[in-house]
>>> print(open('structure-v7.tsv').read())   # TSV, C-alpha atoms
chain	number	residue	atom	x	y	z
A	1	MET	CA	129.31	91.54	124.52
A	2	LYS	CA	125.95	89.81	124.91
A	3	PHE	CA	122.95	91.70	126.24
A	4	ILE	CA	121.62	89.93	129.32
A	5	ARG	CA	118.60	91.44	131.00
A	6	LYS	CA	118.18	90.21	134.54
A	7	SER	CA	115.82	92.89	135.82
A	8	PRO	CA	113.86	95.91	134.56
A	9	ALA	CA	116.75	98.09	135.74
A	10	ASP	CA	118.99	96.51	133.09
A	11	THR	CA	117.22	98.52	130.40
A	12	ASP	CA	118.45	101.73	132.07
A	13	ASN	CA	121.84	101.09	130.48
A	14	LEU	CA	120.46	100.93	126.95
A	15	GLU	CA	121.06	104.64	126.58
A	16	SER	CA	124.76	103.96	126.08
A	17	PRO	CA	125.68	103.06	122.48
A	18	GLN	CA	127.68	100.00	123.57
A	19	LYS	CA	124.83	98.51	125.60
A	20	PHE	CA	122.32	99.25	122.87
A	21	GLU	CA	124.62	97.60	120.33
A	22	ALA	CA	124.74	94.45	122.49
A	23	PHE	CA	120.95	94.61	122.82
A	24	PHE	CA	120.65	95.03	119.04
A	25	LEU	CA	123.00	92.13	118.26
A	26	ASP	CA	121.07	89.87	120.63
A	27	TYR	CA	117.53	90.76	119.59
A	28	TYR	CA	117.80	91.75	115.92
A	29	PRO	CA	118.16	88.19	114.53
A	30	ARG	CA	115.24	86.98	116.65
A	31	ILE	CA	112.94	89.84	115.64
A	32	LYS	CA	113.96	89.55	111.99
A	33	GLY	CA	113.34	85.78	112.06
A	34	PHE	CA	109.94	86.28	113.68
A	35	ILE	CA	108.92	88.84	111.05
A	36	ASN	CA	110.27	86.69	108.22
A	37	GLY	CA	108.21	83.78	109.56
A	38	LEU	CA	105.08	85.91	109.30
A	39	LEU	CA	105.79	87.55	105.94
A	40	GLN	CA	107.87	84.86	104.24
A	41	ASN	CA	109.94	87.66	102.69
A	42	ALA	CA	113.48	88.13	103.99
A	43	GLU	CA	113.99	91.54	102.38
A	44	GLU	CA	110.81	93.02	103.84
A	45	ALA	CA	111.58	91.39	107.21
A	46	GLU	CA	114.98	93.07	107.23
A	47	ASP	CA	113.50	96.48	106.35
A	48	ILE	CA	110.83	96.25	109.05
A	49	SER	CA	113.34	94.99	111.64
A	50	GLN	CA	115.70	97.88	110.89
A	51	ASP	CA	112.83	100.35	111.20
A	52	ILE	CA	111.88	98.87	114.58
A	53	PHE	CA	115.40	99.13	115.97
A	54	ALA	CA	115.86	102.65	114.58
A	55	LEU	CA	112.69	103.64	116.42
A	56	LEU	CA	113.90	101.89	119.58
A	57	TRP	CA	117.22	103.76	119.35
A	58	GLN	CA	115.39	107.08	119.04
A	59	ASN	CA	113.24	106.23	122.06
A	60	ARG	CA	115.80	104.21	124.06
A	61	GLY	CA	115.26	106.38	127.12
A	62	ASN	CA	111.72	105.03	127.41
A	63	LEU	CA	112.79	101.37	127.34
A	64	LYS	CA	113.48	101.45	131.08
A	65	LEU	CA	109.72	101.78	131.59
A	66	ILE	CA	109.08	98.39	129.95
A	67	ASP	CA	108.60	95.47	132.33
A	68	ASN	CA	108.73	92.61	129.80
A	69	LEU	CA	111.10	93.62	127.02
A	70	ASP	CA	110.73	90.35	125.08
A	71	ALA	CA	106.95	90.63	124.91
A	72	TYR	CA	107.20	94.33	124.07
A	73	LEU	CA	109.59	93.76	121.16
A	74	PHE	CA	107.61	90.92	119.67
A	75	ARG	CA	104.37	92.89	119.99
A	76	ILE	CA	106.00	95.83	118.19
A	77	ALA	CA	107.16	93.42	115.49
A	78	ARG	CA	103.70	91.85	115.13
A	79	ASN	CA	102.04	95.26	114.89
A	80	ALA	CA	104.62	96.41	112.34
A	81	VAL	CA	103.82	93.35	110.23
A	82	PHE	CA	100.08	94.12	110.46
A	83	ARG	CA	100.70	97.71	109.35
A	84	HIS	CA	102.90	96.49	106.51
A	85	ILE	CA	100.25	94.02	105.31
A	86	GLU	CA	97.56	96.68	105.59
A	87	ARG	CA	99.60	99.18	103.55
A	88	SER	CA	100.43	96.51	100.97
A	89	LEU	CA	96.77	95.55	100.57
A	90	LEU	CA	95.72	99.18	100.27
A	91	PHE	CA	98.41	99.81	97.67
A	92	GLN	CA	97.53	96.68	95.67
A	93	ASN	CA	93.83	97.46	95.76
A	94	TYR	CA	94.48	101.07	94.82
A	95	GLN	CA	96.64	99.99	91.88
A	96	SER	CA	94.04	97.51	90.62
A	97	TRP	CA	91.33	100.12	91.12
A	98	GLN	CA	93.35	102.66	89.10
A	99	THR	CA	93.72	100.27	86.19
A	100	SER	CA	90.18	98.91	86.24
A	101	ASP	CA	87.10	100.14	84.44
A	102	ASP	CA	85.72	101.21	87.81
A	103	HIS	CA	87.99	104.25	87.96
A	104	PRO	CA	86.10	107.51	88.67
A	105	GLU	CA	86.92	108.72	85.17
A	106	HIS	CA	84.27	106.22	84.12
A	107	CYS	CA	81.56	108.19	85.94
A	108	GLU	CA	81.27	105.98	88.98
A	109	THR	CA	78.79	107.25	91.53
A	110	GLU	CA	79.76	108.25	95.04
A	111	ALA	CA	77.73	105.35	96.44
A	112	GLU	CA	79.68	102.87	94.33
A	113	LEU	CA	82.96	104.38	95.52
A	114	ASP	CA	81.78	104.17	99.14
A	115	ALA	CA	80.86	100.52	98.61
A	116	LYS	CA	84.32	99.77	97.20
A	117	GLU	CA	85.96	101.55	100.12
A	118	LEU	CA	83.84	99.52	102.54
A	119	GLU	CA	84.84	96.29	100.76
A	120	LEU	CA	88.49	97.29	101.07
A	121	ILE	CA	88.16	98.02	104.80
A	122	ILE	CA	86.46	94.65	105.34
A	123	ALA	CA	89.19	92.90	103.30
A	124	ILE	CA	91.84	94.48	105.52
A	125	ALA	CA	89.94	93.46	108.66
A	126	VAL	CA	89.68	89.87	107.39
A	127	GLU	CA	93.37	89.81	106.46
A	128	ARG	CA	94.30	90.76	110.04
A	129	MET	CA	92.27	87.91	111.58
A	130	PRO	CA	93.92	84.78	112.98
A	131	ALA	CA	94.26	82.05	110.33
A	132	GLN	CA	91.42	79.78	111.54
A	133	ARG	CA	88.96	82.67	111.96
A	134	LYS	CA	89.88	84.06	108.54
A	135	LYS	CA	89.41	80.64	106.92
A	136	ILE	CA	86.01	80.10	108.54
A	137	TYR	CA	84.85	83.62	107.66
A	138	ARG	CA	85.86	83.19	104.01
A	139	MET	CA	84.23	79.76	103.78
A	140	SER	CA	81.02	81.26	105.14
A	141	ARG	CA	80.93	84.59	103.32
A	142	GLU	CA	82.87	84.01	100.12
A	143	GLN	CA	82.05	80.36	99.43
A	144	GLY	CA	78.57	80.52	100.95
A	145	LEU	CA	78.99	77.35	102.99
A	146	SER	CA	76.68	76.63	105.92
A	147	ASN	CA	78.04	76.41	109.45
A	148	GLU	CA	77.39	72.66	109.43
A	149	LYS	CA	79.32	72.19	106.18
A	150	ILE	CA	82.25	74.26	107.47
A	151	ALA	CA	82.30	72.28	110.73
A	152	HIS	CA	82.29	69.01	108.79
A	153	GLU	CA	85.06	70.10	106.39
A	154	LEU	CA	87.31	71.41	109.17
A	155	ASN	CA	86.44	68.60	111.57
A	156	ILE	CA	85.36	71.00	114.31
A	157	SER	CA	82.05	71.55	116.09
A	158	LYS	CA	79.31	73.73	114.68
A	159	ARG	CA	79.50	75.82	117.86
A	160	THR	CA	83.20	76.50	117.23
A	161	VAL	CA	82.33	77.71	113.73
A	162	GLU	CA	79.62	79.97	115.17
A	163	ASN	CA	82.05	81.36	117.75
A	164	HIS	CA	84.65	82.12	115.08
A	165	LEU	CA	82.07	83.85	112.88
A	166	THR	CA	80.77	85.89	115.82
A	167	GLN	CA	84.29	87.02	116.65
A	168	ALA	CA	85.07	87.73	112.97
A	169	LEU	CA	82.03	89.98	112.68
A	170	ALA	CA	82.97	91.70	115.95
A	171	ASP	CA	86.47	92.35	114.55
A	172	ILE	CA	84.98	93.85	111.39
A	173	ARG	CA	82.58	96.02	113.40
A	174	LYS	CA	85.46	97.34	115.53
A	175	ILE	CA	87.47	98.37	112.49
A	176	LEU	CA	84.44	99.92	110.80
A	177	LEU	CA	83.71	101.87	113.98
A	178	LEU	CA	87.30	103.13	114.07
A	179	VAL	CA	87.05	104.22	110.45
A	180	ILE	CA	83.75	105.99	111.09
A	181	MET	CA	85.19	107.74	114.15
A	182	ALA	CA	88.28	108.77	112.18
A	183	THR	CA	86.17	110.33	109.42
A	184	ILE	CA	84.10	112.27	111.94
A	185	VAL	CA	87.15	113.80	113.62
>>> encode(input="structure-v7.tsv", output="structure tokens")
Amino acid sequence: MKFIRKSPADTDNLESPQKFEAFFLDYYPRIKGFINGLLQNAEEAEDISQDIFALLWQNRGNLKLIDNLDAYLFRIARNAVFRHIERSLLFQNYQSWQTSDDHPEHCETEAELDAKELELIIAIAVERMPAQRKKIYRMSREQGLSNEKIAHELNISKRTVENHLTQALADIRKILLLVIMATIV
């Protein structure tokens, strides 16, 4: 049986195991393929896809409230990939921090630890940026290239470079603000 959704009311039936199974068989390969395209790792894509559908099964009663199921599923998948990348980066940075000479056992000051945490938060923010924005930000901040040089190398206008950098800094500020608010609460 193939899941065919003709109207928002069609998701009402997803509470039955048979309808949900048809829904799963229809959408699972698409979601898994989408995630694999982002991560380039079939095993992780399968794990994340299974987690998504397990969560959908647990909350299947709420699916009838969704107007655009396709968009909803792919947004869930995209956000799950972002969370996965964020956790992976945190774990990798934590592991490298644990094995480095900068470990607190080496009498690192609180200010130095705060600076490293800030660098990690910024790295996560940059990693979550769209590819072009991330590339322009890194060329500017990590390679120290001028806006003109970046524009010339990427064959785009200087104004486009400036717009990308403005948006990149806004993205970083948003994440920093969220972190600050989370530490206050």
>>> atom_distance(input="structure-v7.tsv", atom1="atom CA of A:Leu39", atom2="atom CA of A:Val81")
7.5 Å
>>> atom_distance(input="structure-v7.tsv", atom1="atom CA of A:Ser49", atom2="atom CA of A:Ile175")
26.1 Å
>>> closest_residue(input="structure-v7.tsv", among="A:Leu65, A:Ile172, A:Ala111, A:Leu165", to="A:Ser140", atoms="only C-alpha atoms")
A:Leu165
>>> residues_around(input="structure-v7.tsv", residues="A:Arg30", least_positions_apart="3", cutoff="12 Å", atoms="only C-alpha atoms", output="ChimeraX atom specification")
/A:23-27,33-37,45-46,49,70,73-74,77
>>> atom_distance(input="structure-v7.tsv", atom1="atom CA of A:Pro130", atom2="atom CA of A:Ala115")
25.0 Å
>>> residues_around(input="structure-v7.tsv", residues="A:Ile150", least_positions_apart="6", cutoff="12 Å", atoms="only C-alpha atoms", output="PyMOL selection string")
chain A and resi 132-133+135-141+143-144+156-162+164-165
>>> residues_around(input="structure-v7.tsv", residues="A:Ile52", least_positions_apart="3", cutoff="9 Å", atoms="all atoms listed in the file", output="list in words")
Asp47, Ile48, Ser49, Leu55, Leu56, Trp57, Leu73, Ile76, Ala77 and Ala80 of chain A
>>> decode(input="structure-v7.tsv", residues="stretch 108-141 of chain A", atoms="N, CA and C atoms", output="short mmCIF file (atom, residue, chain, number, x, y, z; two decimals), in the first residue's frame")
data_model
loop_
_atom_site.label_atom_id
_atom_site.label_comp_id
_atom_site.auth_asym_id
_atom_site.auth_seq_id
_atom_site.Cartn_x
_atom_site.Cartn_y
_atom_site.Cartn_z
N GLU A 108 44.92 26.36 33.48
CA GLU A 108 44.39 27.36 32.56
C GLU A 108 43.45 28.28 33.34
N THR A 109 43.50 29.55 33.03
CA THR A 109 42.65 30.50 33.75
C THR A 109 41.21 30.41 33.25
N GLU A 110 40.31 30.93 34.05
CA GLU A 110 38.90 30.93 33.67
C GLU A 110 38.67 31.75 32.41
N ALA A 111 39.39 32.84 32.26
CA ALA A 111 39.25 33.68 31.07
C ALA A 111 39.66 32.92 29.81
N GLU A 112 40.72 32.13 29.91
CA GLU A 112 41.16 31.34 28.75
C GLU A 112 40.11 30.28 28.41
N LEU A 113 39.52 29.67 29.43
CA LEU A 113 38.47 28.68 29.19
C LEU A 113 37.25 29.33 28.55
N ASP A 114 36.88 30.52 29.02
CA ASP A 114 35.76 31.25 28.43
C ASP A 114 36.04 31.58 26.96
N ALA A 115 37.27 31.97 26.67
CA ALA A 115 37.65 32.29 25.29
C ALA A 115 37.54 31.06 24.40
N LYS A 116 37.97 29.92 24.91
CA LYS A 116 37.88 28.67 24.12
C LYS A 116 36.41 28.28 23.90
N GLU A 117 35.59 28.47 24.92
CA GLU A 117 34.17 28.16 24.78
C GLU A 117 33.53 29.08 23.73
N LEU A 118 33.91 30.35 23.76
CA LEU A 118 33.40 31.31 22.78
C LEU A 118 33.83 30.92 21.37
N GLU A 119 35.08 30.51 21.21
CA GLU A 119 35.57 30.06 19.90
C GLU A 119 34.77 28.85 19.41
N LEU A 120 34.46 27.95 20.32
CA LEU A 120 33.69 26.75 19.96
C LEU A 120 32.28 27.13 19.52
N ILE A 121 31.65 28.05 20.23
CA ILE A 121 30.30 28.49 19.87
C ILE A 121 30.31 29.15 18.50
N ILE A 122 31.32 29.98 18.25
CA ILE A 122 31.43 30.64 16.94
C ILE A 122 31.67 29.60 15.84
N ALA A 123 32.51 28.60 16.13
CA ALA A 123 32.78 27.55 15.14
C ALA A 123 31.49 26.80 14.79
N ILE A 124 30.67 26.54 15.78
CA ILE A 124 29.39 25.86 15.53
C ILE A 124 28.48 26.75 14.70
N ALA A 125 28.43 28.04 15.04
CA ALA A 125 27.60 28.98 14.27
C ALA A 125 28.05 29.03 12.82
N VAL A 126 29.35 29.07 12.59
CA VAL A 126 29.89 29.12 11.23
C VAL A 126 29.56 27.83 10.49
N GLU A 127 29.67 26.70 11.17
CA GLU A 127 29.40 25.41 10.55
C GLU A 127 27.95 25.29 10.09
N ARG A 128 27.04 25.97 10.76
CA ARG A 128 25.62 25.91 10.42
C ARG A 128 25.23 26.87 9.30
N MET A 129 26.14 27.72 8.88
CA MET A 129 25.83 28.71 7.83
C MET A 129 25.71 28.03 6.47
N PRO A 130 24.96 28.65 5.55
CA PRO A 130 24.94 28.15 4.17
C PRO A 130 26.36 28.16 3.59
N ALA A 131 26.61 27.30 2.64
CA ALA A 131 27.96 27.08 2.11
C ALA A 131 28.65 28.37 1.66
N GLN A 132 27.97 29.18 0.86
CA GLN A 132 28.60 30.41 0.33
C GLN A 132 28.94 31.38 1.45
N ARG A 133 28.02 31.56 2.40
CA ARG A 133 28.25 32.48 3.52
C ARG A 133 29.42 31.99 4.37
N LYS A 134 29.45 30.68 4.61
CA LYS A 134 30.53 30.09 5.41
C LYS A 134 31.88 30.31 4.72
N LYS A 135 31.90 30.09 3.41
CA LYS A 135 33.14 30.25 2.65
C LYS A 135 33.63 31.69 2.71
N ILE A 136 32.73 32.63 2.50
CA ILE A 136 33.10 34.05 2.52
C ILE A 136 33.56 34.46 3.92
N TYR A 137 32.85 34.01 4.95
CA TYR A 137 33.24 34.34 6.33
C TYR A 137 34.65 33.82 6.62
N ARG A 138 34.91 32.57 6.24
CA ARG A 138 36.23 31.98 6.52
C ARG A 138 37.34 32.69 5.72
N MET A 139 37.04 33.05 4.48
CA MET A 139 38.05 33.77 3.69
C MET A 139 38.38 35.10 4.34
N SER A 140 37.36 35.75 4.89
CA SER A 140 37.55 37.05 5.52
C SER A 140 38.24 36.92 6.87
N ARG A 141 37.72 36.06 7.73
CA ARG A 141 38.20 36.01 9.11
C ARG A 141 39.40 35.09 9.32
#
